[in-house]
$ cat structure_8.cif   # mmCIF, C-alpha atoms
data_my_file
loop_
_atom_site.group_PDB
_atom_site.id
_atom_site.type_symbol
_atom_site.label_atom_id
_atom_site.label_comp_id
_atom_site.auth_asym_id
_atom_site.auth_seq_id
_atom_site.Cartn_x
_atom_site.Cartn_y
_atom_site.Cartn_z
ATOM 1 C CA MET A 29 -0.198 -27.627 17.582
ATOM 2 C CA THR A 30 1.920 -24.974 15.831
ATOM 3 C CA PHE A 31 0.895 -22.337 13.344
ATOM 4 C CA ASP A 32 2.830 -20.878 10.434
ATOM 5 C CA TRP A 33 1.561 -17.428 9.549
ATOM 6 C CA GLY A 34 4.218 -17.000 6.870
ATOM 7 C CA PRO A 35 6.879 -14.306 6.757
ATOM 8 C CA PRO A 36 5.976 -11.111 8.606
ATOM 9 C CA VAL A 37 4.957 -8.209 6.358
ATOM 10 C CA ARG A 38 4.884 -4.728 7.837
ATOM 11 C CA ILE A 39 1.710 -2.662 7.423
ATOM 12 C CA GLY A 40 1.910 -0.842 4.128
ATOM 13 C CA SER A 41 5.147 -2.529 3.099
ATOM 14 C CA ASN A 42 5.584 -4.382 -0.191
ATOM 15 C CA ARG A 43 2.028 -5.555 -0.549
ATOM 16 C CA GLU A 44 -0.479 -5.383 -3.356
ATOM 17 C CA HIS A 45 -3.414 -3.045 -2.825
ATOM 18 C CA LYS A 46 -6.846 -4.277 -3.800
ATOM 19 C CA THR A 47 -8.411 -0.815 -3.819
ATOM 20 C CA LEU A 48 -7.385 2.818 -4.143
ATOM 21 C CA THR A 49 -8.500 3.336 -0.565
ATOM 22 C CA ASP A 50 -6.104 0.626 0.673
ATOM 23 C CA ALA A 51 -3.219 2.331 -1.124
ATOM 24 C CA THR A 52 -4.229 5.713 0.303
ATOM 25 C CA VAL A 53 -4.481 4.326 3.851
ATOM 26 C CA ASP A 54 -0.989 2.874 3.632
ATOM 27 C CA ARG A 55 0.513 6.005 2.105
ATOM 28 C CA LEU A 56 -1.085 8.291 4.691
ATOM 29 C CA ARG A 57 -0.184 5.963 7.558
ATOM 30 C CA GLU A 58 3.466 5.918 6.518
ATOM 31 C CA ASP A 59 3.572 9.707 6.192
ATOM 32 C CA ILE A 60 2.167 10.108 9.718
ATOM 33 C CA ILE A 61 4.362 7.468 11.365
ATOM 34 C CA SER A 62 7.499 8.762 9.647
ATOM 35 C CA GLY A 63 6.773 12.328 10.762
ATOM 36 C CA ARG A 64 6.461 13.685 7.246
ATOM 37 C CA LEU A 65 3.028 14.811 8.451
ATOM 38 C CA LYS A 66 3.770 16.543 11.748
ATOM 39 C CA SER A 67 2.167 15.888 15.118
ATOM 40 C CA GLY A 68 -0.926 18.060 15.580
ATOM 41 C CA ALA A 69 -0.939 19.275 11.971
ATOM 42 C CA LYS A 70 -4.311 19.827 10.303
ATOM 43 C CA VAL A 71 -4.938 17.245 7.591
ATOM 44 C CA LYS A 72 -6.384 19.001 4.560
ATOM 45 C CA SER A 73 -8.162 16.785 2.062
ATOM 46 C CA GLU A 74 -7.397 19.115 -0.826
ATOM 47 C CA ASP A 75 -3.673 18.933 -0.093
ATOM 48 C CA LEU A 76 -3.747 15.135 0.135
ATOM 49 C CA LYS A 77 -5.728 14.838 -3.087
ATOM 50 C CA GLY A 78 -2.988 16.701 -4.904
ATOM 51 C CA LEU A 79 -0.183 14.872 -3.123
ATOM 52 C CA TYR A 80 -1.551 11.344 -3.593
ATOM 53 C CA GLY A 81 -3.425 11.860 -6.846
ATOM 54 C CA VAL A 82 -6.730 10.478 -5.552
ATOM 55 C CA GLY A 83 -10.251 11.791 -5.012
ATOM 56 C CA THR A 84 -12.118 12.876 -1.895
ATOM 57 C CA SER A 85 -13.694 9.508 -1.102
ATOM 58 C CA PRO A 86 -10.467 7.474 -0.635
ATOM 59 C CA ILE A 87 -9.020 10.305 1.471
ATOM 60 C CA ARG A 88 -12.019 10.421 3.822
ATOM 61 C CA GLU A 89 -12.152 6.634 4.157
ATOM 62 C CA ALA A 90 -8.429 6.570 4.909
ATOM 63 C CA LEU A 91 -8.798 9.263 7.575
ATOM 64 C CA PHE A 92 -11.618 7.424 9.330
ATOM 65 C CA GLN A 93 -9.617 4.182 9.324
ATOM 66 C CA LEU A 94 -6.505 5.862 10.701
ATOM 67 C CA ALA A 95 -8.642 7.551 13.358
ATOM 68 C CA SER A 96 -9.582 4.056 14.559
ATOM 69 C CA GLU A 97 -5.847 3.260 14.765
ATOM 70 C CA GLY A 98 -5.159 6.361 16.860
ATOM 71 C CA LEU A 99 -3.011 8.122 14.256
ATOM 72 C CA VAL A 100 -5.443 10.956 13.478
ATOM 73 C CA ARG A 101 -8.088 12.750 15.533
ATOM 74 C CA ALA A 102 -11.396 14.228 14.447
ATOM 75 C CA ASP A 103 -11.189 17.993 14.902
ATOM 76 C CA GLY A 104 -14.870 18.627 15.646
ATOM 77 C CA GLN A 105 -16.606 19.884 12.514
ATOM 78 C CA ARG A 106 -13.310 21.150 11.100
ATOM 79 C CA GLY A 107 -11.929 17.888 9.738
ATOM 80 C CA PHE A 108 -8.950 15.928 11.045
ATOM 81 C CA ARG A 109 -5.570 16.499 12.644
ATOM 82 C CA VAL A 110 -2.557 14.243 13.040
ATOM 83 C CA ALA A 111 -2.698 12.865 16.585
ATOM 84 C CA GLU A 112 -0.538 14.826 19.016
ATOM 85 C CA LEU A 113 2.480 13.186 20.601
ATOM 86 C CA ASN A 114 2.021 13.228 24.360
ATOM 87 C CA GLN A 115 3.690 11.695 27.391
ATOM 88 C CA ASN A 116 0.662 9.920 28.873
ATOM 89 C CA GLU A 117 -0.071 8.128 25.621
ATOM 90 C CA LEU A 118 3.569 7.112 25.282
ATOM 91 C CA LEU A 119 3.532 5.614 28.791
ATOM 92 C CA GLU A 120 0.434 3.587 27.945
ATOM 93 C CA ILE A 121 1.797 2.439 24.575
ATOM 94 C CA THR A 122 5.073 1.378 26.201
ATOM 95 C CA ASP A 123 3.347 -0.535 28.990
ATOM 96 C CA TRP A 124 0.993 -2.443 26.688
ATOM 97 C CA ARG A 125 3.791 -3.143 24.227
ATOM 98 C CA ALA A 126 5.828 -4.757 26.989
ATOM 99 C CA ARG A 127 2.894 -6.900 28.121
ATOM 100 C CA LEU A 128 1.553 -8.042 24.764
ATOM 101 C CA GLU A 129 4.841 -8.435 22.930
ATOM 102 C CA GLY A 130 6.187 -10.354 25.906
ATOM 103 C CA GLU A 131 3.265 -12.774 25.655
ATOM 104 C CA ALA A 132 3.694 -13.103 21.874
ATOM 105 C CA LEU A 133 7.385 -13.887 22.338
ATOM 106 C CA ARG A 134 6.722 -16.395 25.129
ATOM 107 C CA ARG A 135 4.202 -18.313 23.034
ATOM 108 C CA SER A 136 6.423 -18.244 19.958
ATOM 109 C CA ILE A 137 9.396 -19.664 21.863
ATOM 110 C CA ILE A 138 7.209 -22.542 23.049
ATOM 111 C CA ASN A 139 5.830 -23.184 19.541
ATOM 112 C CA GLY A 140 8.902 -22.303 17.488
ATOM 113 C CA ASP A 141 10.869 -24.719 15.324
ATOM 114 C CA VAL A 142 14.081 -24.579 13.321
ATOM 115 C CA ASN A 143 12.459 -22.530 10.535
ATOM 116 C CA TRP A 144 11.282 -19.985 13.085
ATOM 117 C CA GLU A 145 14.826 -19.776 14.453
ATOM 118 C CA ALA A 146 16.276 -19.341 10.967
ATOM 119 C CA ASN A 147 13.815 -16.551 10.093
ATOM 120 C CA ALA A 148 14.632 -14.652 13.297
ATOM 121 C CA ILE A 149 18.401 -15.019 12.810
ATOM 122 C CA ALA A 150 18.122 -13.845 9.192
ATOM 123 C CA ALA A 151 15.949 -10.886 10.224
ATOM 124 C CA LEU A 152 18.530 -9.723 12.761
ATOM 125 C CA HIS A 153 21.274 -10.080 10.156
ATOM 126 C CA ARG A 154 19.314 -7.826 7.773
ATOM 127 C CA LEU A 155 18.767 -5.294 10.563
ATOM 128 C CA ARG A 156 22.504 -5.190 11.291
ATOM 129 C CA GLY A 157 23.112 -4.645 7.581
ATOM 130 C CA VAL A 158 21.140 -1.390 7.665
ATOM 131 C CA GLN A 159 23.081 -0.167 10.708
ATOM 132 C CA THR A 160 26.452 -0.733 9.046
ATOM 133 C CA SER A 161 25.529 0.823 5.699
ATOM 134 C CA ARG A 162 27.024 4.236 4.952
ATOM 135 C CA ASP A 163 25.374 4.669 1.547
ATOM 136 C CA LEU A 164 21.864 5.581 2.737
ATOM 137 C CA SER A 165 20.370 9.049 3.059
ATOM 138 C CA LYS A 166 19.037 10.051 6.464
ATOM 139 C CA GLU A 167 15.409 9.469 5.433
ATOM 140 C CA LYS A 168 16.142 6.190 3.646
ATOM 141 C CA ALA A 169 18.146 4.923 6.634
ATOM 142 C CA ALA A 170 15.183 5.691 8.922
ATOM 143 C CA ASP A 171 12.634 3.999 6.660
ATOM 144 C CA LEU A 172 14.755 0.906 6.067
ATOM 145 C CA TRP A 173 15.852 0.535 9.697
ATOM 146 C CA GLU A 174 12.246 0.679 10.903
ATOM 147 C CA GLU A 175 11.178 -1.894 8.314
ATOM 148 C CA ARG A 176 13.996 -4.273 9.252
ATOM 149 C CA HIS A 177 13.375 -3.662 12.956
ATOM 150 C CA TRP A 178 9.702 -4.523 12.489
ATOM 151 C CA GLU A 179 10.617 -7.696 10.567
ATOM 152 C CA PHE A 180 12.966 -8.825 13.339
ATOM 153 C CA HIS A 181 10.425 -8.421 16.124
ATOM 154 C CA PHE A 182 7.627 -10.077 14.175
ATOM 155 C CA ALA A 183 9.899 -12.919 13.095
ATOM 156 C CA LEU A 184 10.243 -13.569 16.834
ATOM 157 C CA TYR A 185 6.486 -13.242 17.484
ATOM 158 C CA SER A 186 5.272 -15.058 14.350
ATOM 159 C CA ARG A 187 4.613 -18.415 16.066
ATOM 160 C CA CYS A 188 2.510 -17.066 18.921
ATOM 161 C CA GLY A 189 -0.562 -18.753 17.440
ATOM 162 C CA SER A 190 -2.876 -15.735 17.670
ATOM 163 C CA PRO A 191 -3.640 -13.364 14.785
ATOM 164 C CA TRP A 192 -5.406 -11.057 17.260
ATOM 165 C CA LEU A 193 -2.360 -10.833 19.513
ATOM 166 C CA LEU A 194 -0.168 -10.036 16.506
ATOM 167 C CA ARG A 195 -2.623 -7.371 15.366
ATOM 168 C CA PHE A 196 -2.653 -5.659 18.757
ATOM 169 C CA CYS A 197 1.152 -5.740 18.846
ATOM 170 C CA GLU A 198 1.213 -4.288 15.341
ATOM 171 C CA LEU A 199 -1.023 -1.331 16.255
ATOM 172 C CA LEU A 200 0.995 -0.544 19.371
ATOM 173 C CA ILE A 201 4.327 -0.799 17.570
ATOM 174 C CA GLN A 202 3.281 1.519 14.748
ATOM 175 C CA ASN A 203 2.076 4.129 17.247
ATOM 176 C CA GLY A 204 5.274 3.733 19.242
ATOM 177 C CA GLU A 205 7.327 4.182 16.091
ATOM 178 C CA ARG A 206 6.014 7.751 15.752
ATOM 179 C CA TYR A 207 7.672 8.646 19.038
ATOM 180 C CA ARG A 208 10.930 6.889 18.169
ATOM 181 C CA ARG A 209 11.116 8.614 14.789
ATOM 182 C CA ALA A 210 11.011 11.979 16.529
ATOM 183 C CA PHE A 211 14.368 11.563 18.279
ATOM 184 C CA VAL A 212 16.402 8.629 16.889
ATOM 185 C CA GLU A 213 19.424 9.342 14.698
ATOM 186 C CA TYR A 214 19.174 6.322 12.407
ATOM 187 C CA LYS A 215 22.602 6.635 10.862
ATOM 188 C CA SER A 216 24.183 6.118 14.287
ATOM 189 C CA ILE A 217 21.987 3.657 16.217
ATOM 190 C CA ASP A 218 23.322 3.188 19.747
ATOM 191 C CA GLN A 219 25.233 -0.073 20.152
ATOM 192 C CA SER A 220 23.229 -0.917 23.273
ATOM 193 C CA ILE A 221 20.094 -1.333 21.123
ATOM 194 C CA THR A 222 21.873 -3.885 18.920
ATOM 195 C CA GLN A 223 23.122 -5.736 21.988
ATOM 196 C CA GLU A 224 19.584 -5.934 23.373
ATOM 197 C CA HIS A 225 18.339 -7.419 20.077
ATOM 198 C CA GLU A 226 21.137 -9.975 20.118
ATOM 199 C CA ALA A 227 20.411 -10.938 23.732
ATOM 200 C CA ILE A 228 16.688 -11.404 23.032
ATOM 201 C CA LEU A 229 17.446 -13.642 20.055
ATOM 202 C CA GLU A 230 20.045 -15.662 21.932
ATOM 203 C CA ALA A 231 17.652 -16.419 24.798
ATOM 204 C CA ALA A 232 14.835 -17.207 22.345
ATOM 205 C CA VAL A 233 16.937 -19.680 20.356
ATOM 206 C CA LYS A 234 17.931 -21.373 23.637
ATOM 207 C CA ARG A 235 14.179 -21.635 24.401
ATOM 208 C CA ASP A 236 14.619 -19.663 27.620
ATOM 209 C CA HIS A 237 11.347 -17.753 27.388
ATOM 210 C CA VAL A 238 11.616 -16.331 30.917
ATOM 211 C CA LYS A 239 14.958 -14.670 30.136
ATOM 212 C CA ALA A 240 13.917 -13.630 26.629
ATOM 213 C CA VAL A 241 10.720 -11.948 27.842
ATOM 214 C CA SER A 242 12.620 -10.195 30.640
ATOM 215 C CA ILE A 243 15.173 -8.755 28.190
ATOM 216 C CA LEU A 244 12.400 -7.737 25.780
ATOM 217 C CA ASP A 245 10.561 -5.950 28.589
ATOM 218 C CA LYS A 246 13.689 -3.929 29.432
ATOM 219 C CA HIS A 247 14.301 -3.278 25.724
ATOM 220 C CA ILE A 248 10.825 -1.827 25.162
ATOM 221 C CA ARG A 249 10.875 0.237 28.359
ATOM 222 C CA HIS A 250 14.377 1.517 27.567
ATOM 223 C CA ALA A 251 13.103 2.827 24.217
ATOM 224 C CA GLY A 252 10.080 4.333 25.983
ATOM 225 C CA ASP A 253 12.303 6.105 28.524
ATOM 226 C CA LEU A 254 14.427 7.637 25.763
ATOM 227 C CA ALA A 255 11.311 8.878 23.982
ATOM 228 C CA GLN A 256 9.954 10.321 27.238
ATOM 229 C CA LYS A 257 13.167 12.285 27.781
ATOM 230 C CA TYR A 258 12.909 13.686 24.268
ATOM 231 C CA LEU A 259 9.267 14.682 24.816
ATOM 232 C CA GLU A 260 10.025 16.330 28.167
ATOM 233 C CA LYS A 261 12.718 18.386 26.497
ATOM 234 C CA SER A 262 10.690 19.282 23.418
ATOM 235 C CA LEU A 263 7.528 20.167 25.362
ATOM 236 C CA ALA A 264 9.287 22.178 28.058
ATOM 237 C CA PRO A 265 8.437 25.904 27.969
ATOM 238 C CA LYS A 266 11.127 27.932 26.263
ATOM 239 C CA THR A 267 13.018 30.301 28.572
ATOM 240 C CA SER A 268 12.853 33.880 27.389
ATOM 241 C CA SER A 269 16.220 35.351 26.484
ATOM 242 C CA ALA A 270 14.951 38.961 26.626
ATOM 243 C CA LYS A 271 16.903 41.237 28.943
ATOM 244 C CA VAL A 272 15.182 43.438 31.542
ATOM 245 C CA LYS A 273 15.765 47.098 30.827
ATOM 246 C CA PRO A 274 17.086 49.148 33.761
ATOM 247 C CA HIS A 275 14.802 51.808 35.229
ATOM 248 C CA ARG A 276 15.874 55.301 34.244
ATOM 249 C CA SER A 277 14.934 56.826 37.607
ATOM 250 C CA GLY A 278 17.858 55.103 39.301
ATOM 251 C CA ARG A 279 15.644 54.085 42.284
ATOM 252 C CA ALA A 280 15.565 50.491 43.452
ATOM 253 C CA ARG A 281 12.162 48.857 43.185
ATOM 254 C CA SER A 282 10.735 46.312 45.619
ATOM 255 C CA HIS A 283 8.914 43.200 44.266
#

$ encode --input "structure_8.cif" --output "structure tokens"
Amino acid sequence: MTFDWGPPVRIGSNREHKTLTDATVDRLREDIISGRLKSGAKVKSEDLKGLYGVGTSPIREALFQLASEGLVRADGQRGFRVAELNQNELLEITDWRARLEGEALRRSIINGDVNWEANAIAALHRLRGVQTSRDLSKEKAADLWEERHWEFHFALYSRCGSPWLLRFCELLIQNGERYRRAFVEYKSIDQSITQEHEAILEAAVKRDHVKAVSILDKHIRHAGDLAQKYLEKSLAPKTSSAKVKPHRSGRARSH
């Protein structure tokens, strides 16, 4: 038995909001994932009320929901902060992404049909289109690339037959995106990333789920390694450039 969950739609992307809280959740989530709200920054309700044009209640409900997604942290009795980027969390996100997305891809390859193939091929074509465009601003290129990247991966996973598996993959991917956004230069995506996408799709269309899952695993861990290197560099203590003043006495000192 196969399942058709319809075209993948990224969280917060191009969907109608039933309530003001839903709209606020999506807006706040996007601002955190994109890095417009910085890692570790205090989230002030008054600032968000002015920025989003909503009242206190939707803001608080949005913060509690995003806390359950791991994007914000309760700061004791002092409100909320954007969750810090840290290396241990990145390792865990990367590992679970590889496991769960690999299973979603494996199941989808087994269940997939010609429409599934066509959706995945079209999604990769749209992703390539973003990478070759020279008319996008830096921020727009980042937003659009991430949306098209999400669509490609979930086009591949869409026939896994499990809404829960897709949901877990979705939560992990959006948390992983925060780390990628911190270091990727979207207007010059490395060609090796495109080649990995092409190889995953080629193996999937050939129904070689063992090869496809293996390439996907390397793809996810490659991205995780790059993010780890960025974090190591950004979190490393800064070396002081101050010069030691010579002693006026002229005597050598022992240490």

$ closest_residue --input "structure_8.cif" --among "A:Arg235, A:Arg125, A:Arg156, A:Arg135" --to "A:Gly252" --atoms "all atoms listed in the file"
A:Arg125

$ residues_around --input "structure_8.cif" --residues "stretch 56-58 of chain A" --least-positions-apart "6" --cutoff "12 Å" --atoms "all atoms listed in the file" --output "compact mmCIF listing (two decimals) with C-alpha atoms, in the coordinates of the input"
# COMPACT_ATOMS: atom_id res chain seq x y z
CA ARG A 38 4.88 -4.73 7.84
CA ILE A 39 1.71 -2.66 7.42
CA GLY A 40 1.91 -0.84 4.13
CA SER A 41 5.15 -2.53 3.10
CA THR A 49 -8.50 3.34 -0.56
CA ASP A 50 -6.10 0.63 0.67
CA ARG A 64 6.46 13.68 7.25
CA LEU A 65 3.03 14.81 8.45
CA LYS A 66 3.77 16.54 11.75
CA VAL A 71 -4.94 17.24 7.59
CA LYS A 72 -6.38 19.00 4.56
CA SER A 73 -8.16 16.78 2.06
CA ASP A 75 -3.67 18.93 -0.09
CA LEU A 76 -3.75 15.14 0.14
CA LYS A 77 -5.73 14.84 -3.09
CA LEU A 79 -0.18 14.87 -3.12
CA TYR A 80 -1.55 11.34 -3.59
CA VAL A 82 -6.73 10.48 -5.55
CA PRO A 86 -10.47 7.47 -0.64
CA ILE A 87 -9.02 10.30 1.47
CA ARG A 88 -12.02 10.42 3.82
CA GLU A 89 -12.15 6.63 4.16
CA ALA A 90 -8.43 6.57 4.91
CA LEU A 91 -8.80 9.26 7.58
CA PHE A 92 -11.62 7.42 9.33
CA GLN A 93 -9.62 4.18 9.32
CA LEU A 94 -6.50 5.86 10.70
CA ALA A 95 -8.64 7.55 13.36
CA SER A 96 -9.58 4.06 14.56
CA GLU A 97 -5.85 3.26 14.76
CA GLY A 98 -5.16 6.36 16.86
CA LEU A 99 -3.01 8.12 14.26
CA VAL A 100 -5.44 10.96 13.48
CA VAL A 110 -2.56 14.24 13.04
CA ALA A 111 -2.70 12.86 16.58
CA ALA A 170 15.18 5.69 8.92
CA ASP A 171 12.63 4.00 6.66
CA GLU A 174 12.25 0.68 10.90
CA GLU A 175 11.18 -1.89 8.31
CA LEU A 199 -1.02 -1.33 16.26
CA GLN A 202 3.28 1.52 14.75
CA ASN A 203 2.08 4.13 17.25
CA GLU A 205 7.33 4.18 16.09
CA ARG A 206 6.01 7.75 15.75
CA ARG A 209 11.12 8.61 14.79

$ residues_around --input "structure_8.cif" --residues "A:Gln219" --least-positions-apart "5" --cutoff "12 Å" --atoms "all atoms listed in the file" --output "NGL selection string"
:A and (156 or 159-160 or 214 or 224-226)

$ resolve_selection --input "structure_8.cif" --expression "the PyMOL selection byres ((chain A and resi 245) around 12)" --output "VMD selection string"
chain A and resid 122 to 134 224 to 225 228 237 to 244 246 to 252

$ write_last_selection --input "structure_8.cif" --atoms "C-alpha atoms" --output "PDB file, keeping the file's coordinate frame"
ATOM      1  CA  THR A 122       5.073   1.378  26.201  1.00  0.00           C
ATOM      2  CA  ASP A 123       3.347  -0.535  28.990  1.00  0.00           C
ATOM      3  CA  TRP A 124       0.993  -2.443  26.688  1.00  0.00           C
ATOM      4  CA  ARG A 125       3.791  -3.143  24.227  1.00  0.00           C
ATOM      5  CA  ALA A 126       5.828  -4.757  26.989  1.00  0.00           C
ATOM      6  CA  ARG A 127       2.894  -6.900  28.121  1.00  0.00           C
ATOM      7  CA  LEU A 128       1.553  -8.042  24.764  1.00  0.00           C
ATOM      8  CA  GLU A 129       4.841  -8.435  22.930  1.00  0.00           C
ATOM      9  CA  GLY A 130       6.187 -10.354  25.906  1.00  0.00           C
ATOM     10  CA  GLU A 131       3.265 -12.774  25.655  1.00  0.00           C
ATOM     11  CA  ALA A 132       3.694 -13.103  21.874  1.00  0.00           C
ATOM     12  CA  LEU A 133       7.385 -13.887  22.338  1.00  0.00           C
ATOM     13  CA  ARG A 134       6.722 -16.395  25.129  1.00  0.00           C
ATOM     14  CA  GLU A 224      19.584  -5.934  23.373  1.00  0.00           C
ATOM     15  CA  HIS A 225      18.339  -7.419  20.077  1.00  0.00           C
ATOM     16  CA  ILE A 228      16.688 -11.404  23.032  1.00  0.00           C
ATOM     17  CA  HIS A 237      11.347 -17.753  27.388  1.00  0.00           C
ATOM     18  CA  VAL A 238      11.616 -16.331  30.917  1.00  0.00           C
ATOM     19  CA  LYS A 239      14.958 -14.670  30.136  1.00  0.00           C
ATOM     20  CA  ALA A 240      13.917 -13.630  26.629  1.00  0.00           C
ATOM     21  CA  VAL A 241      10.720 -11.948  27.842  1.00  0.00           C
ATOM     22  CA  SER A 242      12.620 -10.195  30.640  1.00  0.00           C
ATOM     23  CA  ILE A 243      15.173  -8.755  28.190  1.00  0.00           C
ATOM     24  CA  LEU A 244      12.400  -7.737  25.780  1.00  0.00           C
ATOM     25  CA  LYS A 246      13.689  -3.929  29.432  1.00  0.00           C
ATOM     26  CA  HIS A 247      14.301  -3.278  25.724  1.00  0.00           C
ATOM     27  CA  ILE A 248      10.825  -1.827  25.162  1.00  0.00           C
ATOM     28  CA  ARG A 249      10.875   0.237  28.359  1.00  0.00           C
ATOM     29  CA  HIS A 250      14.377   1.517  27.567  1.00  0.00           C
ATOM     30  CA  ALA A 251      13.103   2.827  24.217  1.00  0.00           C
ATOM     31  CA  GLY A 252      10.080   4.333  25.983  1.00  0.00           C
TER      32      GLY A 252
END

$ closest_atom_pairs --input "structure_8.cif" --of "stretch 113-170 of chain A" --to "stretch 176-188 of chain A" --cutoff "10 Å" --atoms "all atoms listed in the file" --output "JSON lines"
{"residue": "A:Glu129", "atom": "CA", "partner": "A:Tyr185", "partner_atom": "CA", "distance": 7.4}
{"residue": "A:Gly130", "atom": "CA", "partner": "A:Tyr185", "partner_atom": "CA", "distance": 8.9}
{"residue": "A:Glu131", "atom": "CA", "partner": "A:Cys188", "partner_atom": "CA", "distance": 8.0}
{"residue": "A:Ala132", "atom": "CA", "partner": "A:Cys188", "partner_atom": "CA", "distance": 5.1}
{"residue": "A:Leu133", "atom": "CA", "partner": "A:Tyr185", "partner_atom": "CA", "distance": 5.0}
{"residue": "A:Arg134", "atom": "CA", "partner": "A:Cys188", "partner_atom": "CA", "distance": 7.5}
{"residue": "A:Arg135", "atom": "CA", "partner": "A:Cys188", "partner_atom": "CA", "distance": 4.6}
{"residue": "A:Ser136", "atom": "CA", "partner": "A:Cys188", "partner_atom": "CA", "distance": 4.2}
{"residue": "A:Ile137", "atom": "CA", "partner": "A:Arg187", "partner_atom": "CA", "distance": 7.6}
{"residue": "A:Ile138", "atom": "CA", "partner": "A:Cys188", "partner_atom": "CA", "distance": 8.3}
{"residue": "A:Asn139", "atom": "CA", "partner": "A:Arg187", "partner_atom": "CA", "distance": 6.0}
{"residue": "A:Gly140", "atom": "CA", "partner": "A:Arg187", "partner_atom": "CA", "distance": 6.0}
{"residue": "A:Asp141", "atom": "CA", "partner": "A:Arg187", "partner_atom": "CA", "distance": 8.9}
{"residue": "A:Trp144", "atom": "CA", "partner": "A:Ala183", "partner_atom": "CA", "distance": 7.2}
{"residue": "A:Glu145", "atom": "CA", "partner": "A:Leu184", "partner_atom": "CA", "distance": 8.1}
{"residue": "A:Ala146", "atom": "CA", "partner": "A:Ala183", "partner_atom": "CA", "distance": 9.3}
{"residue": "A:Asn147", "atom": "CA", "partner": "A:Ala183", "partner_atom": "CA", "distance": 6.1}
{"residue": "A:Ala148", "atom": "CA", "partner": "A:Ala183", "partner_atom": "CA", "distance": 5.0}
{"residue": "A:Ile149", "atom": "CA", "partner": "A:Phe180", "partner_atom": "CA", "distance": 8.3}
{"residue": "A:Ala150", "atom": "CA", "partner": "A:Phe180", "partner_atom": "CA", "distance": 8.3}
{"residue": "A:Ala151", "atom": "CA", "partner": "A:Phe180", "partner_atom": "CA", "distance": 4.8}
{"residue": "A:Leu152", "atom": "CA", "partner": "A:Phe180", "partner_atom": "CA", "distance": 5.7}
{"residue": "A:His153", "atom": "CA", "partner": "A:Phe180", "partner_atom": "CA", "distance": 9.0}
{"residue": "A:Arg154", "atom": "CA", "partner": "A:Arg176", "partner_atom": "CA", "distance": 6.6}
{"residue": "A:Leu155", "atom": "CA", "partner": "A:Arg176", "partner_atom": "CA", "distance": 5.1}
{"residue": "A:Arg156", "atom": "CA", "partner": "A:Arg176", "partner_atom": "CA", "distance": 8.8}
{"residue": "A:Gly157", "atom": "CA", "partner": "A:Arg176", "partner_atom": "CA", "distance": 9.3}
{"residue": "A:Val158", "atom": "CA", "partner": "A:Arg176", "partner_atom": "CA", "distance": 7.9}

$ atom_distance --input "structure_8.cif" --atom1 "atom CA of A:Gln256" --atom2 "atom CA of A:Ile221"
16.6 Å

$ resolve_selection --input "structure_8.cif" --expression "the PyMOL selection byres ((chain A and resi 113) around 8)" --output "NGL selection string"
:A and (67-68 or 111-112 or 114-115 or 117-118 or 207)

$ closest_residue --input "structure_8.cif" --among "A:Gly78, A:Glu120, A:Ser262, A:Ala69" --to "A:Ala102" --atoms "all atoms listed in the file"
A:Ala69

$ atom_distance --input "structure_8.cif" --atom1 "atom CA of A:Glu198" --atom2 "atom CA of A:Ile121"
11.4 Å

$ axis_aligned_box --input "structure_8.cif" --around "stretch 216-221 of chain A" --padding-each-side "3 Å" --output "lines of an AutoDock Vina configuration file"
center_x = 22.7
center_y = 2.4
center_z = 18.8
size_x = 11.1
size_y = 13.5
size_z = 15.0

$ atom_distance --input "structure_8.cif" --atom1 "atom CA of A:Lys70" --atom2 "atom CA of A:Arg109"
4.3 Å

$ closest_residue --input "structure_8.cif" --among "A:Ser62, A:Thr52, A:Ala231, A:Asp163" --to "A:Arg208" --atoms "all atoms listed in the file"
A:Ser62

$ closest_residue --input "structure_8.cif" --among "A:Asp218, A:Asp253, A:Glu260, A:Asp54" --to "A:Gly204" --atoms "all atoms listed in the file"
A:Asp253

$ closest_residue --input "structure_8.cif" --among "A:Leu48, A:Val53, A:Val233, A:Leu119" --to "A:Leu200" --atoms "all atoms listed in the file"
A:Leu119

$ closest_residue --input "structure_8.cif" --among "A:Cys197, A:Ser216, A:Phe211, A:Gly189" --to "A:Leu164" --atoms "all atoms listed in the file"
A:Ser216

$ decode --input "structure_8.cif" --residues "stretch 220-224 of chain A" --atoms "N, CA, C and O atoms" --output "compact mmCIF listing (two decimals), in the first residue's frame"
# COMPACT_ATOMS: atom_id res chain seq x y z
N SER A 220 30.28 20.45 -4.84
CA SER A 220 30.19 19.10 -4.28
C SER A 220 28.82 18.83 -3.66
O SER A 220 28.34 17.69 -3.69
N ILE A 221 28.18 19.88 -3.12
CA ILE A 221 26.84 19.72 -2.54
C ILE A 221 25.84 19.36 -3.63
O ILE A 221 25.00 18.46 -3.46
N THR A 222 25.92 20.06 -4.76
CA THR A 222 25.04 19.77 -5.89
C THR A 222 25.26 18.35 -6.40
O THR A 222 24.30 17.62 -6.70
N GLN A 223 26.50 17.94 -6.48
CA GLN A 223 26.82 16.58 -6.95
C GLN A 223 26.26 15.52 -6.01
O GLN A 223 25.78 14.47 -6.46
N GLU A 224 26.28 15.78 -4.72
CA GLU A 224 25.71 14.85 -3.75
C GLU A 224 24.20 14.73 -3.95
O GLU A 224 23.63 13.63 -3.92
